[in-house]
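Just coords-v3.pdb here, PDB, C-alpha atoms:
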```pdb
ATOM      1  CA  MET A   1     101.895  94.281  89.154
ATOM      2  CA  LYS A   2      99.272  94.103  91.898
ATOM      3  CA  SER A   3      96.507  91.553  92.211
ATOM      4  CA  TRP A   4      93.906  90.687  94.819
ATOM      5  CA  ARG A   5      94.034  87.072  95.940
ATOM      6  CA  ILE A   6      92.083  84.629  98.054
ATOM      7  CA  SER A   7      94.540  83.128 100.540
ATOM      8  CA  SER A   8      91.876  82.214 103.094
ATOM      9  CA  PHE A   9      88.117  82.535 102.876
ATOM     10  CA  GLY A  10      86.346  85.760 103.830
ATOM     11  CA  ILE A  11      86.025  89.197 102.264
ATOM     12  CA  ASP A  12      88.236  90.823 104.865
ATOM     13  CA  ASN A  13      90.897  88.164 104.247
ATOM     14  CA  LEU A  14      91.412  89.220 100.628
ATOM     15  CA  GLU A  15      95.038  90.295 100.173
ATOM     16  CA  VAL A  16      96.988  92.353  97.638
ATOM     17  CA  PHE A  17     100.004  90.585  96.132
ATOM     18  CA  ASP A  18     102.896  91.963  94.075
ATOM     19  CA  SER A  19     104.153  89.807  91.220
ATOM     20  CA  PRO A  20     105.880  90.250  87.835
ATOM     21  CA  ILE A  21     103.789  91.232  84.807
ATOM     22  CA  PRO A  22     103.136  87.985  82.860
ATOM     23  CA  LYS A  23     104.718  87.364  79.448
ATOM     24  CA  ALA A  24     102.718  86.084  76.496
ATOM     25  CA  GLY A  25     103.686  82.650  75.232
ATOM     26  CA  PRO A  26     102.597  81.090  71.937
ATOM     27  CA  GLY A  27      98.849  81.559  71.427
ATOM     28  CA  GLN A  28      98.512  83.849  74.435
ATOM     29  CA  VAL A  29      97.843  87.535  75.124
ATOM     30  CA  VAL A  30      98.558  89.854  78.036
ATOM     31  CA  VAL A  31      95.696  92.192  78.929
ATOM     32  CA  ARG A  32      96.089  95.370  80.964
ATOM     33  CA  VAL A  33      92.878  95.174  82.993
ATOM     34  CA  LYS A  34      90.812  98.355  83.132
ATOM     35  CA  ALA A  35      87.676  97.212  84.966
ATOM     36  CA  VAL A  36      86.242  94.158  86.735
ATOM     37  CA  SER A  37      82.600  93.499  87.586
ATOM     38  CA  LEU A  38      81.327  91.345  90.438
ATOM     39  CA  ASN A  39      78.908  88.422  90.346
ATOM     40  CA  TYR A  40      77.361  86.521  93.232
ATOM     41  CA  ARG A  41      79.578  83.628  92.166
ATOM     42  CA  ASP A  42      82.609  85.782  92.969
ATOM     43  CA  LEU A  43      81.234  86.565  96.414
ATOM     44  CA  ARG A  44      80.549  82.886  97.088
ATOM     45  CA  MET A  45      84.033  82.003  95.843
ATOM     46  CA  VAL A  46      85.645  84.517  98.202
ATOM     47  CA  THR A  47      83.562  83.390 101.197
ATOM     48  CA  GLY A  48      84.133  79.672 100.541
ATOM     49  CA  LEU A  49      80.495  78.845  99.795
ATOM     50  CA  TYR A  50      81.066  78.064  96.106
ATOM     51  CA  ASP A  51      84.043  75.711  96.333
ATOM     52  CA  PRO A  52      85.321  74.900  99.824
ATOM     53  CA  ARG A  53      88.232  73.024  98.189
ATOM     54  CA  LEU A  54      89.349  75.992  96.080
ATOM     55  CA  ALA A  55      93.069  75.870  95.331
ATOM     56  CA  MET A  56      94.739  78.888  96.920
ATOM     57  CA  PRO A  57      96.016  81.456  96.464
ATOM     58  CA  ARG A  58      93.527  82.316  93.718
ATOM     59  CA  ILE A  59      92.869  85.621  91.939
ATOM     60  CA  PRO A  60      89.057  86.028  92.016
ATOM     61  CA  CYS A  61      86.502  87.418  89.561
ATOM     62  CA  SER A  62      85.446  86.027  86.207
ATOM     63  CA  ASP A  63      84.496  89.291  84.506
ATOM     64  CA  GLY A  64      86.872  91.958  83.306
ATOM     65  CA  SER A  65      87.800  94.142  80.360
ATOM     66  CA  GLY A  66      90.963  95.850  79.273
ATOM     67  CA  GLU A  67      93.514  96.487  76.543
ATOM     68  CA  ILE A  68      95.810  93.931  74.965
ATOM     69  CA  VAL A  69      99.420  94.997  75.540
ATOM     70  CA  GLU A  70     101.285  91.935  74.235
ATOM     71  CA  VAL A  71     100.577  88.970  71.979
ATOM     72  CA  GLY A  72     102.551  85.752  71.681
ATOM     73  CA  GLU A  73     103.666  83.811  68.636
ATOM     74  CA  ALA A  74     100.991  82.490  66.269
ATOM     75  CA  VAL A  75      98.410  85.076  67.403
ATOM     76  CA  SER A  76      96.748  86.784  64.441
ATOM     77  CA  ASP A  77      93.128  87.450  65.432
ATOM     78  CA  VAL A  78      93.940  90.168  67.991
ATOM     79  CA  LYS A  79      96.694  92.731  68.416
ATOM     80  CA  PRO A  80      98.110  95.171  70.975
ATOM     81  CA  GLY A  81      95.709  98.047  71.538
ATOM     82  CA  ASP A  82      92.568  95.970  71.044
ATOM     83  CA  ARG A  83      89.828  96.527  73.649
ATOM     84  CA  VAL A  84      88.701  93.121  74.870
ATOM     85  CA  ALA A  85      86.930  91.160  77.579
ATOM     86  CA  GLY A  86      87.799  87.673  78.744
ATOM     87  CA  ILE A  87      85.275  84.890  78.202
ATOM     88  CA  PHE A  88      83.967  83.160  81.331
ATOM     89  CA  MET A  89      84.920  79.605  80.349
ATOM     90  CA  GLN A  90      88.184  79.820  78.483
ATOM     91  CA  ARG A  91      87.615  76.509  76.671
ATOM     92  CA  TRP A  92      83.937  76.831  75.681
ATOM     93  CA  LEU A  93      84.274  78.491  72.317
ATOM     94  CA  ASP A  94      81.264  77.112  70.406
ATOM     95  CA  GLY A  95      78.772  74.281  70.245
ATOM     96  CA  PRO A  96      77.080  72.509  73.149
ATOM     97  CA  PRO A  97      78.708  72.429  76.580
ATOM     98  CA  SER A  98      80.804  69.507  77.791
ATOM     99  CA  ALA A  99      82.763  68.619  80.891
ATOM    100  CA  ALA A 100      86.019  69.554  79.161
ATOM    101  CA  LYS A 101      84.660  72.887  77.907
ATOM    102  CA  GLN A 102      83.429  73.837  81.366
ATOM    103  CA  LEU A 103      86.911  73.597  82.853
ATOM    104  CA  ALA A 104      89.097  76.700  83.105
ATOM    105  CA  ALA A 105      86.370  79.075  84.315
ATOM    106  CA  LEU A 106      88.025  82.344  85.302
ATOM    107  CA  GLY A 107      88.205  83.109  89.004
ATOM    108  CA  GLY A 108      87.580  79.491  89.957
ATOM    109  CA  ASP A 109      89.410  76.748  88.092
ATOM    110  CA  VAL A 110      92.054  79.275  87.071
ATOM    111  CA  ASP A 111      93.062  82.756  88.187
ATOM    112  CA  GLY A 112      90.537  85.482  87.444
ATOM    113  CA  MET A 113      90.556  89.139  86.439
ATOM    114  CA  LEU A 114      91.061  91.112  89.673
ATOM    115  CA  ALA A 115      94.626  92.077  88.749
ATOM    116  CA  GLU A 116      96.403  94.858  86.901
ATOM    117  CA  PHE A 117      97.513  92.438  84.148
ATOM    118  CA  VAL A 118      96.227  88.978  83.175
ATOM    119  CA  LEU A 119      97.513  86.272  80.849
ATOM    120  CA  LEU A 120      94.819  84.639  78.687
ATOM    121  CA  ASP A 121      94.626  82.424  75.619
ATOM    122  CA  ALA A 122      94.098  84.522  72.503
ATOM    123  CA  SER A 123      90.978  82.439  71.818
ATOM    124  CA  GLY A 124      89.677  83.375  75.290
ATOM    125  CA  VAL A 125      89.036  87.054  74.584
ATOM    126  CA  VAL A 126      86.442  88.922  72.512
ATOM    127  CA  GLY A 127      86.366  92.498  71.284
ATOM    128  CA  ILE A 128      84.009  94.791  73.132
ATOM    129  CA  PRO A 129      81.304  96.968  71.539
ATOM    130  CA  PRO A 130      82.844 100.358  70.678
ATOM    131  CA  GLN A 131      80.182 102.438  72.445
ATOM    132  CA  LEU A 132      80.887 100.840  75.812
ATOM    133  CA  SER A 133      83.295 102.072  78.453
ATOM    134  CA  TYR A 134      85.602  99.545  80.068
ATOM    135  CA  GLU A 135      83.384  99.640  83.156
ATOM    136  CA  GLU A 136      80.299  98.796  81.079
ATOM    137  CA  ALA A 137      82.095  96.120  79.058
ATOM    138  CA  ALA A 138      83.326  94.417  82.241
ATOM    139  CA  THR A 139      79.710  93.485  83.063
ATOM    140  CA  LEU A 140      79.267  91.302  79.979
ATOM    141  CA  PRO A 141      81.151  87.977  80.339
ATOM    142  CA  CYS A 142      79.005  86.281  82.998
ATOM    143  CA  ALA A 143      75.826  88.268  83.673
ATOM    144  CA  GLY A 144      75.357  89.449  80.099
ATOM    145  CA  VAL A 145      76.052  86.123  78.402
ATOM    146  CA  THR A 146      73.950  84.235  80.976
ATOM    147  CA  ALA A 147      70.940  86.473  80.348
ATOM    148  CA  TRP A 148      71.444  86.291  76.581
ATOM    149  CA  ASN A 149      71.560  82.499  76.719
ATOM    150  CA  ALA A 150      68.432  82.365  78.882
ATOM    151  CA  VAL A 151      66.294  84.863  76.964
ATOM    152  CA  VAL A 152      67.513  84.614  73.381
ATOM    153  CA  THR A 153      69.258  81.273  72.828
ATOM    154  CA  LYS A 154      67.239  78.921  75.026
ATOM    155  CA  GLY A 155      64.162  81.056  75.708
ATOM    156  CA  SER A 156      63.592  81.955  72.027
ATOM    157  CA  ILE A 157      61.564  84.950  73.199
ATOM    158  CA  LYS A 158      59.512  86.731  70.546
ATOM    159  CA  PRO A 159      57.367  89.889  70.451
ATOM    160  CA  GLY A 160      54.358  89.676  72.735
ATOM    161  CA  ASP A 161      55.814  87.011  75.044
ATOM    162  CA  THR A 162      55.890  87.556  78.800
ATOM    163  CA  VAL A 163      59.179  87.220  80.679
ATOM    164  CA  VAL A 164      59.527  87.247  84.468
ATOM    165  CA  ILE A 165      62.699  88.465  86.152
ATOM    166  CA  GLN A 166      63.553  88.055  89.820
ATOM    167  CA  GLY A 167      65.250  90.931  91.612
ATOM    168  CA  THR A 168      67.420  93.634  90.091
ATOM    169  CA  GLY A 169      70.882  92.060  89.974
ATOM    170  CA  GLY A 170      73.075  91.875  86.910
ATOM    171  CA  VAL A 171      71.529  88.844  85.197
ATOM    172  CA  SER A 172      67.969  90.027  85.831
ATOM    173  CA  ILE A 173      68.573  93.528  84.485
ATOM    174  CA  PHE A 174      70.320  92.186  81.384
ATOM    175  CA  ALA A 175      67.385  89.791  80.895
ATOM    176  CA  LEU A 176      65.040  92.791  81.121
ATOM    177  CA  GLN A 177      67.040  94.684  78.502
ATOM    178  CA  PHE A 178      67.307  91.766  76.073
ATOM    179  CA  ALA A 179      63.629  90.828  76.454
ATOM    180  CA  LYS A 180      62.580  94.412  75.693
ATOM    181  CA  LEU A 181      64.827  94.413  72.595
ATOM    182  CA  LEU A 182      62.836  91.397  71.403
ATOM    183  CA  GLY A 183      59.494  93.093  72.005
ATOM    184  CA  ALA A 184      58.492  91.090  75.079
ATOM    185  CA  ARG A 185      56.536  92.198  78.113
ATOM    186  CA  VAL A 186      58.614  91.958  81.300
ATOM    187  CA  LEU A 187      57.238  91.488  84.814
ATOM    188  CA  GLY A 188      59.477  91.545  87.860
ATOM    189  CA  THR A 189      59.728  90.724  91.545
ATOM    190  CA  SER A 190      61.756  92.463  94.234
ATOM    191  CA  SER A 191      61.902  92.930  97.994
ATOM    192  CA  SER A 192      62.103  96.701  97.459
ATOM    193  CA  ASP A 193      59.526  99.088  96.017
ATOM    194  CA  GLU A 194      62.360 101.533  95.323
ATOM    195  CA  LYS A 195      64.193  98.964  93.204
ATOM    196  CA  LEU A 196      60.999  98.242  91.272
ATOM    197  CA  VAL A 197      60.681 101.938  90.489
ATOM    198  CA  ARG A 198      64.252 101.986  89.193
ATOM    199  CA  ALA A 199      63.601  98.843  87.149
ATOM    200  CA  LYS A 200      60.520 100.453  85.581
ATOM    201  CA  MET A 201      62.736 103.328  84.453
ATOM    202  CA  LEU A 202      64.759 100.679  82.576
ATOM    203  CA  GLY A 203      61.684  99.210  80.862
ATOM    204  CA  LEU A 204      60.021  96.903  83.396
ATOM    205  CA  ASP A 205      56.321  96.811  82.571
ATOM    206  CA  ALA A 206      55.086  95.960  86.082
ATOM    207  CA  GLY A 207      56.501  94.651  89.331
ATOM    208  CA  VAL A 208      55.482  93.118  92.645
ATOM    209  CA  ASN A 209      57.106  93.242  96.072
ATOM    210  CA  TYR A 210      57.371  89.650  97.278
ATOM    211  CA  LYS A 211      57.747  90.825 100.860
ATOM    212  CA  THR A 212      54.167  92.079 100.807
ATOM    213  CA  GLN A 213      52.841  89.448  98.369
ATOM    214  CA  ALA A 214      54.536  86.133  99.048
ATOM    215  CA  ASP A 215      52.403  84.364  96.429
ATOM    216  CA  TRP A 216      53.823  86.459  93.620
ATOM    217  CA  ALA A 217      53.041  83.732  91.091
ATOM    218  CA  ASP A 218      49.350  84.456  91.591
ATOM    219  CA  TRP A 219      50.067  88.114  90.741
ATOM    220  CA  ILE A 220      51.897  87.002  87.569
ATOM    221  CA  ARG A 221      48.923  84.910  86.501
ATOM    222  CA  ARG A 222      46.532  87.813  87.068
ATOM    223  CA  GLN A 223      48.788  90.034  84.979
ATOM    224  CA  THR A 224      48.590  87.500  82.141
ATOM    225  CA  ASN A 225      44.822  86.890  82.217
ATOM    226  CA  GLY A 226      45.334  83.547  83.924
ATOM    227  CA  GLU A 227      47.651  82.170  81.258
ATOM    228  CA  GLY A 228      51.036  82.505  82.966
ATOM    229  CA  ALA A 229      54.412  83.654  81.693
ATOM    230  CA  ASP A 230      56.368  82.237  78.781
ATOM    231  CA  LEU A 231      59.730  82.381  80.568
ATOM    232  CA  VAL A 232      60.895  82.822  84.154
ATOM    233  CA  VAL A 233      64.537  83.820  84.523
ATOM    234  CA  GLU A 234      65.031  81.952  87.787
ATOM    235  CA  VAL A 235      67.902  83.317  89.880
ATOM    236  CA  GLY A 236      66.459  82.564  93.307
ATOM    237  CA  GLY A 237      67.053  78.836  93.524
ATOM    238  CA  SER A 238      65.032  76.264  95.439
ATOM    239  CA  GLY A 239      63.415  78.945  97.591
ATOM    240  CA  THR A 240      61.609  80.451  94.583
ATOM    241  CA  PHE A 241      61.414  77.497  92.196
ATOM    242  CA  ALA A 242      57.889  76.414  93.211
ATOM    243  CA  GLN A 243      56.557  79.931  92.618
ATOM    244  CA  SER A 244      58.323  80.032  89.242
ATOM    245  CA  LEU A 245      56.578  76.827  88.159
ATOM    246  CA  LYS A 246      53.241  78.213  89.287
ATOM    247  CA  ALA A 247      53.838  81.456  87.357
ATOM    248  CA  LEU A 248      54.435  79.694  84.031
ATOM    249  CA  ARG A 249      51.968  79.012  81.259
ATOM    250  CA  ILE A 250      51.513  75.462  80.003
ATOM    251  CA  GLY A 251      54.602  74.682  77.954
ATOM    252  CA  GLY A 252      56.575  77.580  79.421
ATOM    253  CA  MET A 253      60.232  77.533  80.437
ATOM    254  CA  VAL A 254      62.196  78.065  83.634
ATOM    255  CA  ALA A 255      65.724  79.206  82.845
ATOM    256  CA  GLN A 256      67.393  77.990  86.046
ATOM    257  CA  ILE A 257      70.400  80.153  86.829
ATOM    258  CA  GLY A 258      70.811  81.019  90.495
ATOM    259  CA  VAL A 259      71.041  79.277  93.838
ATOM    260  CA  LEU A 260      70.536  82.304  96.079
ATOM    261  CA  SER A 261      67.805  80.854  98.288
ATOM    262  CA  GLN A 262      67.049  77.499  99.877
ATOM    263  CA  SER A 263      63.850  75.670 100.788
ATOM    264  CA  SER A 264      62.985  72.866 103.183
ATOM    265  CA  GLU A 265      60.048  71.898 100.970
ATOM    266  CA  PRO A 266      60.506  68.899  98.631
ATOM    267  CA  LEU A 267      60.678  69.505  94.893
ATOM    268  CA  GLN A 268      57.228  69.092  93.342
ATOM    269  CA  ILE A 269      57.438  67.070  90.132
ATOM    270  CA  ALA A 270      53.721  67.080  89.279
ATOM    271  CA  PRO A 271      53.561  70.745  88.117
ATOM    272  CA  ILE A 272      56.435  70.108  85.724
ATOM    273  CA  LEU A 273      54.587  67.165  84.203
ATOM    274  CA  HIS A 274      51.070  68.585  84.143
ATOM    275  CA  LYS A 275      52.135  71.919  82.679
ATOM    276  CA  GLN A 276      54.695  70.295  80.352
ATOM    277  CA  VAL A 277      57.239  72.797  81.587
ATOM    278  CA  GLN A 278      60.773  72.998  80.265
ATOM    279  CA  VAL A 279      63.436  73.461  82.954
ATOM    280  CA  HIS A 280      66.713  74.491  81.384
ATOM    281  CA  GLY A 281      69.888  74.911  83.411
ATOM    282  CA  ILE A 282      71.901  77.929  82.265
ATOM    283  CA  TYR A 283      75.614  78.031  83.131
ATOM    284  CA  VAL A 284      76.739  81.214  81.353
ATOM    285  CA  GLY A 285      77.493  80.401  77.689
ATOM    286  CA  SER A 286      80.113  80.057  74.984
ATOM    287  CA  LYS A 287      82.313  82.500  73.121
ATOM    288  CA  ALA A 288      79.890  82.205  70.188
ATOM    289  CA  HIS A 289      77.045  83.354  72.483
ATOM    290  CA  PHE A 290      79.210  86.258  73.640
ATOM    291  CA  LEU A 291      79.917  87.359  70.065
ATOM    292  CA  ALA A 292      76.244  87.171  69.081
ATOM    293  CA  MET A 293      75.282  89.203  72.155
ATOM    294  CA  ASN A 294      77.908  91.831  71.370
ATOM    295  CA  ARG A 295      76.540  92.268  67.856
ATOM    296  CA  ALA A 296      73.065  92.900  69.264
ATOM    297  CA  ILE A 297      74.417  95.318  71.881
ATOM    298  CA  GLU A 298      76.330  97.286  69.252
ATOM    299  CA  GLN A 299      73.503  97.387  66.713
ATOM    300  CA  ASN A 300      70.907  98.462  69.276
ATOM    301  CA  GLY A 301      73.096 100.879  71.235
ATOM    302  CA  LEU A 302      72.336  98.988  74.452
ATOM    303  CA  LYS A 303      74.133 100.194  77.581
ATOM    304  CA  PRO A 304      74.727  97.848  80.530
ATOM    305  CA  VAL A 305      73.468  99.174  83.863
ATOM    306  CA  VAL A 306      76.330  99.972  86.246
ATOM    307  CA  ASP A 307      75.113 100.666  89.774
ATOM    308  CA  SER A 308      78.406 101.759  91.364
ATOM    309  CA  VAL A 309      82.152 101.824  90.706
ATOM    310  CA  PHE A 310      84.838 101.162  93.318
ATOM    311  CA  GLU A 311      88.566 101.820  93.133
ATOM    312  CA  PHE A 312      90.941  98.873  92.883
ATOM    313  CA  GLU A 313      92.324  99.561  96.352
ATOM    314  CA  ASP A 314      88.788  99.409  97.765
ATOM    315  CA  ALA A 315      87.899  95.995  96.336
ATOM    316  CA  ARG A 316      86.814  94.619  99.712
ATOM    317  CA  SER A 317      84.131  97.315  99.922
ATOM    318  CA  ALA A 318      82.838  96.265  96.502
ATOM    319  CA  PHE A 319      82.419  92.697  97.757
ATOM    320  CA  HIS A 320      80.618  93.949 100.853
ATOM    321  CA  ALA A 321      78.325  95.976  98.565
ATOM    322  CA  ILE A 322      77.280  92.951  96.536
ATOM    323  CA  GLU A 323      76.822  91.042  99.791
ATOM    324  CA  HIS A 324      74.310  93.690 100.961
ATOM    325  CA  ALA A 325      72.366  93.331  97.663
ATOM    326  CA  SER A 326      71.127  96.909  97.488
ATOM    327  CA  HIS A 327      72.286  97.417  93.899
ATOM    328  CA  VAL A 328      70.410  97.605  90.600
ATOM    329  CA  GLY A 329      72.535  96.232  87.770
ATOM    330  CA  LYS A 330      76.241  95.667  88.290
ATOM    331  CA  ILE A 331      78.939  96.587  90.784
ATOM    332  CA  VAL A 332      82.254  97.373  89.113
ATOM    333  CA  ILE A 333      85.848  97.779  90.294
ATOM    334  CA  LYS A 334      88.021 100.185  88.323
ATOM    335  CA  VAL A 335      91.567  98.948  87.744
ATOM    336  CA  GLY A 336      94.358 101.427  86.981
ATOM    337  CA  SER A 337      93.943 104.852  85.456
TER     338      SER A 337
END
```
Give the structure from this file in structure tokens form.
Amino acid sequence: MKSWRISSFGIDNLEVFDSPIPKAGPGQVVVRVKAVSLNYRDLRMVTGLYDPRLAMPRIPCSDGSGEIVEVGEAVSDVKPGDRVAGIFMQRWLDGPPSAAKQLAALGGDVDGMLAEFVLLDASGVVGIPPQLSYEEAATLPCAGVTAWNAVVTKGSIKPGDTVVIQGTGGVSIFALQFAKLLGARVLGTSSSDEKLVRAKMLGLDAGVNYKTQADWADWIRRQTNGEGADLVVEVGGSGTFAQSLKALRIGGMVAQIGVLSQSSEPLQIAPILHKQVQVHGIYVGSKAHFLAMNRAIEQNGLKPVVDSVFEFEDARSAFHAIEHASHVGKIVIKVGS
């Protein structure tokens, strides 16, 4: 089988390796991978910005879907032919997170999904909603579950609430879709008017270009009659965190997810105290979150937004595409026929 591997950091240093197809041991499954989707984490892993001490060689990418082709002894929950996706953290099955559960994250602690076949624990896969293609299902494990955890599990969004998304990447677009399912109003920021138009076609109620209005939090407050938003899905990092605090209502929540931007300004504690803001770190979610999300996706006929699909042989170009950040939704790599 073929797999892409990180042997040294840099997109153009990604290499294709040939190796035997893995065999399923007790409690394990072999999945023929059909599609892989990219996250900014994958890009940072490949470029060395996420973990400079990454053990190499390493197969990248946390998110993928495919078909089970072999099961090992003592596996009864899944069978050959099942359409599945791997869960991001192979040991976080349910309950609150812990240090032990957060080990074995695909594409980092252990080999990821950018291969023709992968070996996973049987407990580390979930069935995918029947209406989804493999390309659509490949977007779910990280971006989908992260947004679900932020908006539904931790955010507890209800009809009439206001949710703010930043940009049009995978997590933000999933957050938009889930918030609209719950009857919320969604406001968004972007550096591109064109992307805002595309986001409005997906349900965004209103958007602002932060290149032309740097104080976008003031715009959010005007849009909410001075009250502020109930939830900000914060993917920007320290460079946008101050604006996110300003955009919130008293008692609102920042779901802190991304670290895409930096700031030389010190963290301001006073707004957190005075507004009684909740700041909740979101690091994907558990298998139980994944299953709950899948039920909602199936029942509501929700379709993940796939921006573009690359061939397996052209994986480097897919990484360059996510690096350029011109996409709306997810970038996907097709694996096999």
**Prompt:** Within 10 Å of Asn39 in chain A, counting only C-alpha atoms, which residues qualify if same-chain residues fewer than 5 places away don't, as a list of chain:residue names?
**Reply:** A:Arg44, A:Met45, A:Cys61, A:Ser62, A:Asp63, A:Thr139, A:Cys142, A:Ala143, A:Gly169, A:Gly170, A:Val171, A:Phe319, A:Ile322, A:Lys330, A:Ile331, A:Val332
Give me the result of the PyMOL selection byres ((chain A and resi 185) around 6) on this file, residue by residue, as a tab-separated table (two decimals) with C-alpha atoms, in the frame of the given file.
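Contents of result-v5.tsv, freshly written:
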```tsv
chain	number	residue	atom	x	y	z
A	162	THR	CA	55.89	87.56	78.80
A	184	ALA	CA	58.49	91.09	75.08
A	186	VAL	CA	58.61	91.96	81.30
```
**Message:** I'd like the residues picked by the PyMOL selection byres ((chain A and resi 48-55) around 10) written out as a PyMOL selection string, using the chain letters and numbers from the file.
**Reply:** chain A and resi 6-11+40-47+56-58+108-111
Could you please take those selected residues and save C-alpha atoms as a short mmCIF file (atom, residue, chain, number, x, y, z; two decimals), keeping the file's coordinate frame?
```
data_model
loop_
_atom_site.label_atom_id
_atom_site.label_comp_id
_atom_site.auth_asym_id
_atom_site.auth_seq_id
_atom_site.Cartn_x
_atom_site.Cartn_y
_atom_site.Cartn_z
CA ILE A 6 92.08 84.63 98.05
CA SER A 7 94.54 83.13 100.54
CA SER A 8 91.88 82.21 103.09
CA PHE A 9 88.12 82.54 102.88
CA GLY A 10 86.35 85.76 103.83
CA ILE A 11 86.02 89.20 102.26
CA TYR A 40 77.36 86.52 93.23
CA ARG A 41 79.58 83.63 92.17
CA ASP A 42 82.61 85.78 92.97
CA LEU A 43 81.23 86.56 96.41
CA ARG A 44 80.55 82.89 97.09
CA MET A 45 84.03 82.00 95.84
CA VAL A 46 85.64 84.52 98.20
CA THR A 47 83.56 83.39 101.20
CA MET A 56 94.74 78.89 96.92
CA PRO A 57 96.02 81.46 96.46
CA ARG A 58 93.53 82.32 93.72
CA GLY A 108 87.58 79.49 89.96
CA ASP A 109 89.41 76.75 88.09
CA VAL A 110 92.05 79.28 87.07
CA ASP A 111 93.06 82.76 88.19
#
```
**Message:** For this structure, which residues satisfy the selection - the PyMOL selection byres ((chain A and resi 33) around 8) - when it is evaluated on the file as given? I want them as a PyMOL selection string.
**Reply:** chain A and resi 31-32+34-36+64-67+113+115-118+335-336
Give me, as a Markdown table, the closest atom pair and its distance (Å, one decimal) for every residue of range 158-259 of chain A within a cut-off of 6 Å of range 271-287 of chain A, counting all atoms listed in the file, rows sorted by chain and rising number.
```
| residue | atom | partner | partner_atom | distance |
| --- | --- | --- | --- | --- |
| A:Ile250 | CA | A:Lys275 | CA | 4.5 |
| A:Gly251 | CA | A:Val277 | CA | 4.9 |
| A:Gly252 | CA | A:Val277 | CA | 5.3 |
| A:Met253 | CA | A:Gln278 | CA | 4.6 |
| A:Val254 | CA | A:Val279 | CA | 4.8 |
| A:Ala255 | CA | A:His280 | CA | 5.0 |
| A:Gln256 | CA | A:Gly281 | CA | 4.8 |
| A:Ile257 | CA | A:Ile282 | CA | 5.3 |
```
**Message:** Taking only C-alpha atoms into account, name the residue in A:Ser326, A:Gly183, A:Gly188, A:Val164 that is nearest to Leu248 in chain A.
**Reply:** A:Val164
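Take CA of Gly160 in chain A and CA of Leu182 in chain A: the distance between them is 8.8 Å.
Take CA of Phe241 in chain A and CA of Gln268 in chain A: the distance between them is 9.5 Å.
Proximity to Leu291 in chain A at 12 Å, evaluated using only C-alpha atoms and with sequence-adjacent residues fewer than 2 positions away removed, yields Val84, Ala85, Gly86, Ile87, Leu93, Asp94, Gly124, Val125, Val126, Gly127, Ile128, Pro129, Leu140, Pro141, Gly144, Val145, Trp148, Asn149, Gly285, Ser286, Lys287, Ala288, His289, Met293, Asn294, Arg295, Ala296, Ile297 and Glu298 of chain A.
Of the listed residues A:Ala175, A:Ala138, A:Ile333, A:Leu103, the one whose atoms come nearest to Asp314 in chain A is A:Ile333, with distances taken using all atoms listed in the file.
Straight-line separation from CA of Ala179 in chain A to CA of Ala292 in chain A: 15.1 Å.
Closest approach to Asn300 in chain A from the set A:Val328, A:Met201, A:Ile220, A:Leu181 is made by A:Leu181, with distances taken over all atoms listed in the file.
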